[in-house]
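Student: coords.cif is reproduced in full below (mmCIF, C-alpha atoms and all ligand atoms).
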```
data_run
loop_
_atom_site.label_atom_id
_atom_site.label_comp_id
_atom_site.auth_asym_id
_atom_site.auth_seq_id
_atom_site.Cartn_x
_atom_site.Cartn_y
_atom_site.Cartn_z
CA MET A 1 88.38 51.81 -27.81
CA GLN A 2 89.58 52.79 -24.36
CA ALA A 3 92.94 54.56 -24.38
CA THR A 4 95.65 52.77 -22.43
CA LEU A 5 99.06 54.00 -21.36
CA GLN A 6 101.73 52.11 -23.30
CA PRO A 7 105.49 52.55 -22.93
CA LEU A 8 107.27 53.47 -26.13
CA LEU A 9 109.65 50.76 -27.28
CA VAL A 10 113.31 50.99 -28.11
CA ASP A 11 113.65 48.80 -31.21
CA HIS A 12 117.34 48.01 -30.75
CA HIS A 13 117.80 46.05 -33.98
CA VAL A 14 115.95 46.96 -37.16
CA HIS A 15 116.79 47.46 -40.84
CA GLY A 16 115.51 49.97 -43.37
CA VAL A 17 112.27 49.51 -45.30
CA VAL A 18 111.73 49.43 -49.06
CA ASP A 19 110.30 52.75 -50.32
CA ARG A 20 109.11 51.62 -53.75
CA PRO A 21 105.95 49.78 -54.88
CA LEU A 22 106.07 46.00 -54.39
CA ASP A 23 104.23 43.52 -56.59
CA ARG A 24 103.08 40.20 -55.15
CA ALA A 25 106.26 38.32 -56.09
CA ALA A 26 108.51 40.97 -54.52
CA PHE A 27 106.33 41.19 -51.39
CA GLU A 28 106.30 37.41 -50.96
CA LEU A 29 110.10 37.30 -51.19
CA LEU A 30 110.25 39.69 -48.23
CA ILE A 31 107.95 37.66 -45.97
CA ASN A 32 110.06 34.51 -46.00
CA GLU A 33 113.57 34.57 -44.56
CA GLY A 34 114.75 32.04 -47.15
CA GLY A 35 114.72 34.62 -49.94
CA GLN A 36 113.23 32.23 -52.47
CA PRO A 37 109.72 32.04 -53.95
CA ALA A 38 107.30 29.44 -52.57
CA ARG A 39 106.90 26.22 -54.57
CA PRO A 40 104.70 26.65 -57.67
CA GLY A 41 101.07 26.72 -56.54
CA ASP A 42 102.03 27.63 -52.95
CA SER A 43 102.28 31.04 -51.28
CA HIS A 44 104.40 32.43 -48.45
CA PHE A 45 101.16 33.99 -47.16
CA ASP A 46 100.16 30.47 -46.03
CA SER A 47 102.30 30.73 -42.90
CA PRO A 48 102.11 32.30 -39.42
CA VAL A 49 103.78 35.49 -40.71
CA GLY A 50 101.39 35.76 -43.68
CA LEU A 51 98.43 35.24 -41.38
CA ALA A 52 99.74 37.90 -38.98
CA ILE A 53 100.10 40.45 -41.80
CA LEU A 54 96.56 39.92 -43.09
CA THR A 55 95.05 39.81 -39.59
CA HIS A 56 96.85 42.68 -37.88
CA CYS A 57 98.11 45.00 -40.64
CA GLY A 58 95.06 44.86 -42.91
CA PRO A 59 92.84 46.90 -40.53
CA LEU A 60 95.57 49.54 -40.15
CA LEU A 61 95.49 50.05 -43.90
CA GLY A 62 91.69 50.39 -43.77
CA LEU A 63 90.93 46.83 -44.85
CA HIS A 64 88.10 45.37 -42.81
CA GLY A 65 86.52 41.98 -43.40
CA GLU A 66 88.42 40.97 -46.53
CA ARG A 67 91.53 38.97 -45.56
CA SER A 68 93.01 37.82 -48.88
CA PRO A 69 96.58 38.57 -50.04
CA GLU A 70 95.12 40.06 -53.24
CA ALA A 71 92.96 42.56 -51.33
CA TYR A 72 95.81 43.41 -48.95
CA LEU A 73 98.31 44.07 -51.72
CA GLN A 74 95.75 46.06 -53.68
CA VAL A 75 95.03 48.43 -50.81
CA ARG A 76 98.78 48.63 -50.09
CA SER A 77 99.45 49.68 -53.65
CA LEU A 78 96.57 52.20 -53.71
CA LEU A 79 97.87 53.90 -50.56
CA GLY A 80 101.47 53.96 -51.86
CA ALA A 81 104.73 52.98 -50.17
CA GLU A 82 105.20 56.32 -48.37
CA THR A 83 101.79 56.27 -46.65
CA VAL A 84 102.01 52.57 -45.79
CA ASN A 85 105.52 52.93 -44.34
CA ARG A 86 104.63 56.00 -42.31
CA ARG A 87 101.38 54.58 -40.96
CA LEU A 88 102.75 51.18 -39.94
CA ILE A 89 106.04 52.43 -38.49
CA HIS A 90 104.26 55.14 -36.55
CA ALA A 91 101.77 52.62 -35.19
CA ALA A 92 104.66 50.59 -33.75
CA GLY A 93 105.07 53.25 -31.03
CA CYS A 94 108.86 53.38 -30.81
CA ALA A 95 110.96 55.90 -28.90
CA ALA A 96 114.05 55.11 -31.00
CA LEU A 97 115.24 52.80 -33.76
CA LEU A 98 118.75 51.30 -33.85
CA VAL A 99 119.30 50.59 -37.54
CA ASP A 100 121.67 47.92 -38.88
CA THR A 101 122.93 49.48 -42.11
CA GLY A 102 124.99 46.54 -43.36
CA HIS A 103 122.45 44.23 -45.04
CA ARG A 104 121.39 44.87 -48.68
CA GLY A 105 121.80 48.57 -48.04
CA SER A 106 120.99 49.61 -51.63
CA GLU A 107 117.51 48.05 -51.42
CA VAL A 108 116.26 49.81 -48.29
CA VAL A 109 116.28 53.31 -46.81
CA GLY A 110 118.94 54.39 -44.31
CA PRO A 111 118.68 55.71 -40.73
CA THR A 112 117.89 59.31 -41.77
CA ARG A 113 114.85 58.23 -43.76
CA MET A 114 113.78 55.77 -41.05
CA ALA A 115 113.90 58.61 -38.53
CA ALA A 116 111.71 60.74 -40.78
CA LEU A 117 109.19 57.91 -41.26
CA ALA A 118 109.05 57.11 -37.54
CA GLY A 119 109.28 60.67 -36.23
CA VAL A 120 111.85 59.52 -33.64
CA PRO A 121 115.67 59.20 -33.57
CA ALA A 122 117.18 56.43 -35.72
CA LEU A 123 120.75 55.57 -34.76
CA THR A 124 123.33 53.51 -36.62
CA VAL A 125 124.57 50.02 -35.83
CA SER A 126 127.59 49.17 -38.03
CA ARG A 127 128.22 45.68 -39.29
CA ILE A 128 131.80 44.69 -38.54
CA GLU A 129 132.38 42.46 -41.57
CA ARG A 130 130.88 45.11 -43.89
CA VAL A 131 133.22 47.80 -42.51
CA ALA A 132 136.16 45.44 -43.16
CA GLU A 133 134.95 44.68 -46.70
CA GLU A 134 134.45 48.35 -47.54
CA ALA A 135 137.93 49.16 -46.23
CA ALA A 136 139.32 46.36 -48.44
CA ALA A 137 137.48 47.71 -51.49
CA HIS A 138 139.30 51.03 -51.04
CA ALA A 139 142.72 49.61 -50.15
CA PRO A 140 145.42 49.28 -52.87
CA GLY A 141 146.60 45.95 -51.42
CA PRO A 142 146.41 43.53 -48.48
CA GLN A 143 149.07 45.25 -46.36
CA GLU A 144 147.41 48.65 -46.70
CA TRP A 145 144.10 47.02 -45.72
CA LEU A 146 145.65 45.44 -42.64
CA ASP A 147 147.35 48.72 -41.71
CA GLY A 148 144.08 50.70 -42.02
CA LEU A 149 141.64 48.18 -40.52
CA GLY A 150 141.93 49.41 -36.93
CA ARG A 151 141.31 53.01 -38.02
CA ALA A 152 138.30 52.00 -40.19
CA LEU A 153 136.70 50.12 -37.28
CA ALA A 154 137.50 52.92 -34.81
CA ASP A 155 135.87 55.46 -37.16
CA ALA A 156 132.78 53.25 -37.50
CA ALA A 157 132.59 52.82 -33.73
CA ALA A 158 132.75 56.59 -33.27
CA THR A 159 129.58 57.11 -35.32
CA SER A 160 127.64 54.04 -34.13
CA VAL A 161 125.72 53.12 -31.00
CA GLY A 162 126.74 49.50 -31.48
CA PHE A 163 128.50 46.99 -33.69
CA LYS A 164 127.04 43.84 -35.18
CA THR A 165 128.84 40.69 -36.27
CA ILE A 166 127.62 37.98 -38.64
CA VAL A 167 130.36 35.42 -38.03
CA ALA A 168 127.55 32.89 -37.58
CA TYR A 169 126.82 33.34 -41.30
CA ARG A 170 130.35 33.66 -42.55
CA HIS A 171 131.76 30.65 -40.71
CA GLY A 172 129.72 29.52 -37.70
CA PHE A 173 130.24 29.99 -33.98
CA ASP A 174 132.83 27.18 -33.97
CA LEU A 175 135.45 29.85 -34.78
CA ASP A 176 138.75 29.66 -32.88
CA ALA A 177 138.73 32.51 -30.34
CA ASP A 178 142.53 32.85 -30.13
CA VAL A 179 144.18 35.91 -31.69
CA PRO A 180 145.64 34.68 -35.01
CA GLY A 181 149.39 35.05 -35.60
CA ARG A 182 150.75 37.92 -37.72
CA ASP A 183 152.12 35.69 -40.50
CA GLU A 184 148.90 33.73 -40.61
CA VAL A 185 146.88 36.95 -41.01
CA GLN A 186 149.18 38.35 -43.72
CA GLN A 187 149.01 35.12 -45.68
CA ALA A 188 145.21 34.99 -45.41
CA ALA A 189 144.90 38.67 -46.44
CA ALA A 190 147.10 38.09 -49.49
CA GLY A 191 144.94 35.11 -50.47
CA TRP A 192 141.74 37.13 -50.02
CA PHE A 193 143.03 40.00 -52.19
CA ASP A 194 144.06 37.49 -54.89
CA GLY A 195 140.40 36.66 -55.32
CA GLY A 196 138.90 40.13 -55.19
CA PRO A 197 138.60 40.91 -52.26
CA ASP A 198 134.88 40.27 -52.03
CA ARG A 199 132.98 38.36 -49.35
CA LEU A 200 134.98 38.05 -46.15
CA ASP A 201 134.77 34.41 -45.05
CA SER A 202 138.34 33.35 -44.30
CA PRO A 203 138.25 32.01 -40.70
CA VAL A 204 141.65 33.60 -39.96
CA LEU A 205 140.53 37.02 -41.23
CA LEU A 206 137.14 36.78 -39.50
CA ARG A 207 139.00 36.19 -36.22
CA HIS A 208 141.42 39.04 -36.89
CA VAL A 209 138.63 41.45 -37.84
CA LEU A 210 136.51 40.52 -34.81
CA HIS A 211 139.43 40.91 -32.40
CA THR A 212 140.25 44.29 -33.96
CA ALA A 213 136.58 45.31 -33.67
CA LEU A 214 136.58 44.34 -29.98
CA ASP A 215 139.39 46.87 -29.41
CA ALA A 216 137.29 49.60 -31.07
CA ALA A 217 134.13 48.59 -29.18
CA ALA A 218 135.98 48.55 -25.85
CA GLU A 219 137.50 51.97 -26.55
CA ARG A 220 134.12 53.51 -27.37
CA ARG A 221 132.18 51.43 -24.82
CA ILE A 222 129.66 50.22 -27.37
CA PRO A 223 128.08 46.74 -27.29
CA VAL A 224 128.40 44.18 -30.08
CA GLN A 225 125.27 42.53 -31.46
CA VAL A 226 125.86 38.92 -32.52
CA HIS A 227 123.54 37.20 -34.99
CA ALA A 228 122.48 33.82 -33.55
CA GLY A 229 120.03 31.13 -34.64
CA PHE A 230 117.26 31.79 -37.19
CA GLY A 231 118.36 33.28 -40.49
CA ASP A 232 118.36 32.75 -44.24
CA THR A 233 119.70 29.79 -46.22
CA ASP A 234 123.23 31.15 -46.06
CA LEU A 235 123.25 29.88 -42.47
CA THR A 236 123.93 26.36 -41.17
CA LEU A 237 121.61 26.53 -38.21
CA HIS A 238 123.29 24.25 -35.68
CA ARG A 239 126.55 26.21 -36.08
CA ALA A 240 124.67 29.36 -34.98
CA ASP A 241 123.77 27.99 -31.52
CA PRO A 242 124.99 30.70 -29.11
CA SER A 243 126.34 28.13 -26.65
CA VAL A 244 128.91 27.16 -29.33
CA PHE A 245 130.20 30.76 -29.12
CA THR A 246 131.07 30.40 -25.42
CA PRO A 247 134.88 30.78 -25.86
CA TRP A 248 134.22 34.11 -27.60
CA VAL A 249 131.69 35.07 -24.92
CA ARG A 250 134.51 34.70 -22.38
CA GLU A 251 136.82 36.75 -24.63
CA PHE A 252 134.24 39.58 -24.88
CA GLY A 253 134.06 39.56 -21.07
CA ARG A 254 137.86 39.70 -20.70
CA ARG A 255 137.95 42.69 -23.07
CA GLY A 256 135.10 44.49 -21.24
CA VAL A 257 132.70 44.43 -24.21
CA ASP A 258 128.97 43.78 -23.80
CA LEU A 259 127.49 41.19 -26.17
CA VAL A 260 123.88 40.97 -27.37
CA PHE A 261 122.71 37.76 -29.03
CA LEU A 262 120.05 38.57 -31.65
CA HIS A 263 117.08 36.39 -32.74
CA CYS A 264 118.48 33.18 -31.22
CA TYR A 265 115.50 30.95 -32.14
CA PRO A 266 115.33 27.99 -31.67
CA TYR A 267 118.28 28.45 -29.27
CA HIS A 268 116.70 31.24 -27.22
CA ARG A 269 116.94 29.06 -24.11
CA GLN A 270 120.71 28.69 -24.68
CA ALA A 271 120.99 32.47 -25.08
CA ALA A 272 118.92 32.98 -21.93
CA TYR A 273 121.27 30.65 -20.06
CA LEU A 274 124.35 32.61 -21.24
CA ALA A 275 122.66 35.90 -20.29
CA THR A 276 121.99 34.43 -16.86
CA VAL A 277 125.53 33.32 -16.06
CA PHE A 278 127.62 36.00 -17.83
CA PRO A 279 127.12 39.59 -16.59
CA HIS A 280 128.05 41.07 -19.99
CA VAL A 281 125.62 38.98 -22.09
CA PHE A 282 122.20 40.23 -23.27
CA PHE A 283 119.75 38.76 -25.80
CA ASP A 284 116.51 39.20 -27.71
CA VAL A 285 114.11 37.06 -29.73
CA GLY A 286 113.73 39.73 -32.41
CA CYS A 287 112.07 38.78 -35.71
CA MET A 288 110.40 35.82 -34.00
CA PHE A 289 107.37 37.93 -33.05
CA HIS A 290 106.30 38.42 -36.66
CA TYR A 291 107.62 35.08 -37.93
CA THR A 292 105.83 33.03 -35.25
CA GLY A 293 102.76 35.32 -35.19
CA ALA A 294 100.09 33.52 -33.18
CA SER A 295 102.77 31.60 -31.21
CA ALA A 296 104.90 34.64 -30.30
CA GLY A 297 103.74 34.38 -26.68
CA THR A 298 105.20 30.87 -26.39
CA VAL A 299 108.61 31.99 -27.65
CA LEU A 300 108.71 34.99 -25.32
CA ALA A 301 107.58 32.87 -22.36
CA GLU A 302 110.48 30.47 -23.02
CA ALA A 303 112.93 33.37 -23.33
CA MET A 304 111.75 34.63 -19.93
CA GLU A 305 111.89 31.31 -18.07
CA LEU A 306 115.36 31.77 -16.63
CA ALA A 307 117.10 34.99 -17.62
CA PRO A 308 117.14 38.14 -15.48
CA TRP A 309 114.75 40.62 -17.10
CA THR A 310 117.53 43.19 -17.07
CA LYS A 311 119.17 41.12 -19.85
CA LEU A 312 116.29 40.85 -22.32
CA LEU A 313 115.82 43.50 -25.03
CA TYR A 314 113.13 44.22 -27.60
CA SER A 315 113.78 44.30 -31.34
CA SER A 316 111.63 43.84 -34.43
CA ASP A 317 114.53 42.90 -36.74
CA ALA A 318 112.26 44.16 -39.50
CA PHE A 319 113.88 44.13 -42.93
CA GLY A 320 112.27 45.70 -45.99
CA LEU A 321 108.66 45.81 -44.80
CA ALA A 322 107.09 48.37 -42.46
CA GLU A 323 104.63 45.57 -41.64
CA PHE A 324 107.39 43.91 -39.62
CA VAL A 325 108.24 47.07 -37.68
CA TYR A 326 104.59 47.23 -36.64
CA LEU A 327 104.00 43.50 -36.13
CA GLY A 328 107.16 43.11 -34.05
CA ALA A 329 105.97 45.83 -31.68
CA ALA A 330 102.31 44.80 -31.55
CA LEU A 331 102.93 41.07 -31.11
CA PHE A 332 105.73 41.67 -28.61
CA ARG A 333 103.50 43.91 -26.48
CA ARG A 334 100.73 41.35 -26.53
CA ALA A 335 103.11 38.48 -25.72
CA LEU A 336 104.69 40.41 -22.84
CA ASP A 337 101.27 41.26 -21.40
CA ARG A 338 100.28 37.60 -21.59
CA VAL A 339 103.46 36.29 -19.99
CA LEU A 340 103.48 38.84 -17.16
CA GLY A 341 99.70 38.65 -16.76
CA GLY A 342 100.05 34.90 -16.30
CA TRP A 343 102.72 35.39 -13.62
CA VAL A 344 100.51 37.89 -11.77
CA ASP A 345 97.33 35.79 -12.05
CA ALA A 346 99.15 32.71 -10.72
CA GLY A 347 100.30 34.65 -7.68
CA ASP A 348 103.96 34.39 -8.72
CA CYS A 349 104.61 38.10 -9.28
CA PRO A 350 103.25 41.27 -7.67
CA ALA A 351 101.58 43.65 -10.14
CA ASP A 352 104.04 46.47 -9.44
CA THR A 353 107.00 44.14 -10.11
CA ALA A 354 105.35 43.07 -13.38
CA ALA A 355 105.02 46.74 -14.36
CA ASP A 356 108.70 47.28 -13.63
CA ILE A 357 109.72 44.21 -15.70
CA HIS A 358 107.55 45.54 -18.53
CA ALA A 359 109.30 48.91 -18.49
CA ALA A 360 112.74 47.28 -18.35
CA VAL A 361 112.24 44.97 -21.33
CA CYS A 362 110.39 47.50 -23.48
CA SER A 363 112.89 50.28 -23.14
CA ARG A 364 115.01 50.73 -20.00
CA ASN A 365 117.46 47.88 -20.67
CA ALA A 366 118.26 49.19 -24.16
CA ARG A 367 118.60 52.78 -22.96
CA ARG A 368 121.17 51.66 -20.39
CA LEU A 369 123.07 49.24 -22.61
CA TYR A 370 123.43 51.65 -25.54
CA ARG A 371 123.64 54.72 -23.25
CA LEU A 372 120.84 56.37 -25.22
CA ASP A 373 120.10 59.96 -24.40
CA LEU A 374 116.43 60.17 -25.38
CA ASP A 375 113.82 62.78 -24.65
CA PRO A 376 112.44 61.77 -21.21
CA THR A 377 108.97 63.07 -22.09
CA GLN A 378 108.76 60.44 -24.82
CA HIS A 379 108.58 57.52 -22.40
CA GLU A 380 104.87 57.03 -22.70
CA GLU A 381 102.00 57.89 -24.96
CA ASN A 382 98.32 57.18 -25.26
CA VAL A 383 97.54 54.69 -28.01
ZN ZN B 1 118.80 41.94 -38.56
#
```
Could you quickly redo this structure as structure tokens?
Tutor:
Amino acid sequence: MQATLQPLLVDHHVHGVVDRPLDRAAFELLINEGGQPARPGDSHFDSPVGLAILTHCGPLLGLHGERSPEAYLQVRSLLGAETVNRRLIHAAGCAALLVDTGHRGSEVVGPTRMAALAGVPALTVSRIERVAEEAAAHAPGPQEWLDGLGRALADAAATSVGFKTIVAYRHGFDLDADVPGRDEVQQAAAGWFDGGPDRLDSPVLLRHVLHTALDAAAERRIPVQVHAGFGDTDLTLHRADPSVFTPWVREFGRRGVDLVFLHCYPYHRQAAYLATVFPHVFFDVGCMFHYTGASAGTVLAEAMELAPWTKLLYSSDAFGLAEFVYLGAALFRRALDRVLGGWVDAGDCPADTAADIHAAVCSRNARRLYRLDLDPTQHEENV
């Protein structure tokens, strides 16, 4: 195969991978966002993501010809989790990984291990609601939690390249953007501590925590990633439409905090619109490359219809499986080549402009937004 010059990607939103052997049931649970087994007699492999794994990851594990889930999982288990993780993550060709540490952290490896597997820097993105919950778990009571919340978020901001919020999961984007009153917050905190405190889903406290996090993000000049659209069954999809978050988008802007909508599907056009009209809004269609597989080019083309290419970032949003770190990168690269190639072939875009757009979306936009100080010699490699 002829060597081509490919820019290394900045994967600006990824999770850790599982570093233990996975049987078929456990593997299938990780390839469907719903987190439940397929109906009896059915398989999650019978989907675009299953097809993409067998088609594109099989050959990397040395499997040629045979395309069955049984053969794939057999070769995966013979190679072992360490080899599989290293090979697939390395093949993704990333310059840096920005790792969200707040989701099922005990099941997957952390940033240090991800850095070792990838051979590149892995930096931390802290989940706002998780920081608040951990602070609550260590606080003797609601008042102590409220008193220490600002410090806990400031400390997290100091060791993170970005924050992430999951208010779309915990309530929905139809969350009042006004700062809640002091009495209201104290009452809600007392109620939360009466029950645990466990999962943070009080609308008043979610607002209070997010406003407090915006102070910490503004102070440290770090962006806030916002889960939007596609997710697991904990989500009510229409309440995760980024356009519903517009009052908060304005609030982020007033506070001088950059906002990055993640995933967004099927509302990636709404996210693209917001990124077009608000200078501080960015977005990606992360996790849709592996989940839509053969149709990834369509999703990316829609994401690129309107938005400035300085506002679009790359992420895999891989969780648990190194397959997704690789597939995200490989399918994204192919989709981007197809979209930009189409623009050039139609006479709509000069080739040198297409090359510049390519570099921006793959890496430059993320480097600027997160102020990443990466080794400049790592920009390109032969693959
Ligand atoms: Zn994620």
Student: If we count all atoms listed in the file, what is near range 326-338 of chain A at a cut-off of 6 Å, once residues fewer than 2 positions away on the same chain are taken out, given as a PyMOL selection string?
Tutor: chain A and resi 88-89+92+289-290+297+316+323-324+340-342
Student: Applying 9 Å and all atoms listed in the file, which residues near Gly320 in chain A remain after dropping the ones on its own chain fewer than 5 positions away? List them as a VMD selection string.
Tutor: chain A and resid 15 to 19 30 107 to 109
Student: Please write out the residues within 12 Å of ligand ZN 1 (chain B) as JSON, numbers by chain, counting all atoms listed in the file.
Tutor: {"A": [11, 12, 13, 14, 15, 16, 33, 98, 99, 100, 101, 102, 103, 104, 105, 125, 126, 127, 163, 164, 165, 166, 225, 226, 227, 228, 229, 230, 231, 232, 261, 262, 263, 264, 284, 285, 286, 287, 288, 315, 316, 317, 318, 319, 320, 324, 325]}
Student: Here is a test: counting all atoms listed in the file, which residue of A:Leu374, A:Cys362, A:Ala355, A:Leu259 is nearest to Leu313 in chain A?
Tutor: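 Once distances to Leu313 in chain A are computed over all atoms listed in the file, the minimum belongs to A:Cys362.
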Student: Between A:Glu129, A:Glu28, A:Asp234, A:Glu302, which one has atoms that come closest to Tyr267 in chain A, using all atoms listed in the file?
Tutor: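 Result for the nearest residue to Tyr267 in chain A: A:Glu302.
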Student: Which residue, A:Tyr265, A:Ala91, A:Ile222, A:Pro279, has the smallest gap to Thr159 in chain A when you use only C-alpha atoms?
Tutor: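 Looking at the shortest contact to Thr159 in chain A, the residue is A:Ile222.
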Student: Residues near His171 in chain A, anyone? I mean within 12 Å using all atoms listed in the file, not counting same-chain ones fewer than 6 positions away, as a PyMOL selection string.
Tutor: chain A and resi 129+165+199-207+227+234-240+245
Student: Since we have the selection now, will you write its residues out, keeping C-alpha atoms, as a PDB file, keeping the file's coordinate frame?
Tutor:
```pdb
ATOM      1  CA  GLU A 129     132.380  42.460 -41.570  1.00  0.00           C
ATOM      2  CA  THR A 165     128.840  40.690 -36.270  1.00  0.00           C
ATOM      3  CA  ARG A 199     132.980  38.360 -49.350  1.00  0.00           C
ATOM      4  CA  LEU A 200     134.980  38.050 -46.150  1.00  0.00           C
ATOM      5  CA  ASP A 201     134.770  34.410 -45.050  1.00  0.00           C
ATOM      6  CA  SER A 202     138.340  33.350 -44.300  1.00  0.00           C
ATOM      7  CA  PRO A 203     138.250  32.010 -40.700  1.00  0.00           C
ATOM      8  CA  VAL A 204     141.650  33.600 -39.960  1.00  0.00           C
ATOM      9  CA  LEU A 205     140.530  37.020 -41.230  1.00  0.00           C
ATOM     10  CA  LEU A 206     137.140  36.780 -39.500  1.00  0.00           C
ATOM     11  CA  ARG A 207     139.000  36.190 -36.220  1.00  0.00           C
ATOM     12  CA  HIS A 227     123.540  37.200 -34.990  1.00  0.00           C
ATOM     13  CA  ASP A 234     123.230  31.150 -46.060  1.00  0.00           C
ATOM     14  CA  LEU A 235     123.250  29.880 -42.470  1.00  0.00           C
ATOM     15  CA  THR A 236     123.930  26.360 -41.170  1.00  0.00           C
ATOM     16  CA  LEU A 237     121.610  26.530 -38.210  1.00  0.00           C
ATOM     17  CA  HIS A 238     123.290  24.250 -35.680  1.00  0.00           C
ATOM     18  CA  ARG A 239     126.550  26.210 -36.080  1.00  0.00           C
ATOM     19  CA  ALA A 240     124.670  29.360 -34.980  1.00  0.00           C
ATOM     20  CA  PHE A 245     130.200  30.760 -29.120  1.00  0.00           C
TER      21      PHE A 245
END
```
Student: Name all residues at most 10 Å from Asp178 in chain A (count all atoms listed in the file; drop same-chain ones fewer than 5 positions away) and give them as a ChimeraX atom specification.
Tutor: /A:204,207-208,211,247-248,251
Student: Counting only C-alpha atoms, which of A:Asp345, A:Asp147, A:Asp23, A:Glu219 gets nearest to Gln74 in chain A?
Tutor: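 Of the candidates, the smallest distance to Gln74 in chain A is held by A:Asp23.
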Student: Quick one, how far is CA of Leu97 in chain A from CA of Val339 in chain A?
Tutor: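 It comes out at 24.5 Å.
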Student: To one decimal place, how far is CA of Tyr169 in chain A from CA of Leu146 in chain A in Å?
Tutor: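 That distance, rounded to one decimal, is 22.4 Å.
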Student: Tell me which of A:Val49, A:Asp194, A:Ala81, A:Thr212 sits closest to Leu153 in chain A, counting only C-alpha atoms.
Tutor: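 Smallest distance to Leu153 in chain A is found for A:Thr212.
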Student: Rank nothing, just name the residue among A:Val257, A:Ile31, A:Leu60, A:Ala136 nearest to Ser47 in chain A, using only C-alpha atoms.
Tutor: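 Using only C-alpha atoms, the shortest distance to Ser47 in chain A belongs to A:Ile31.
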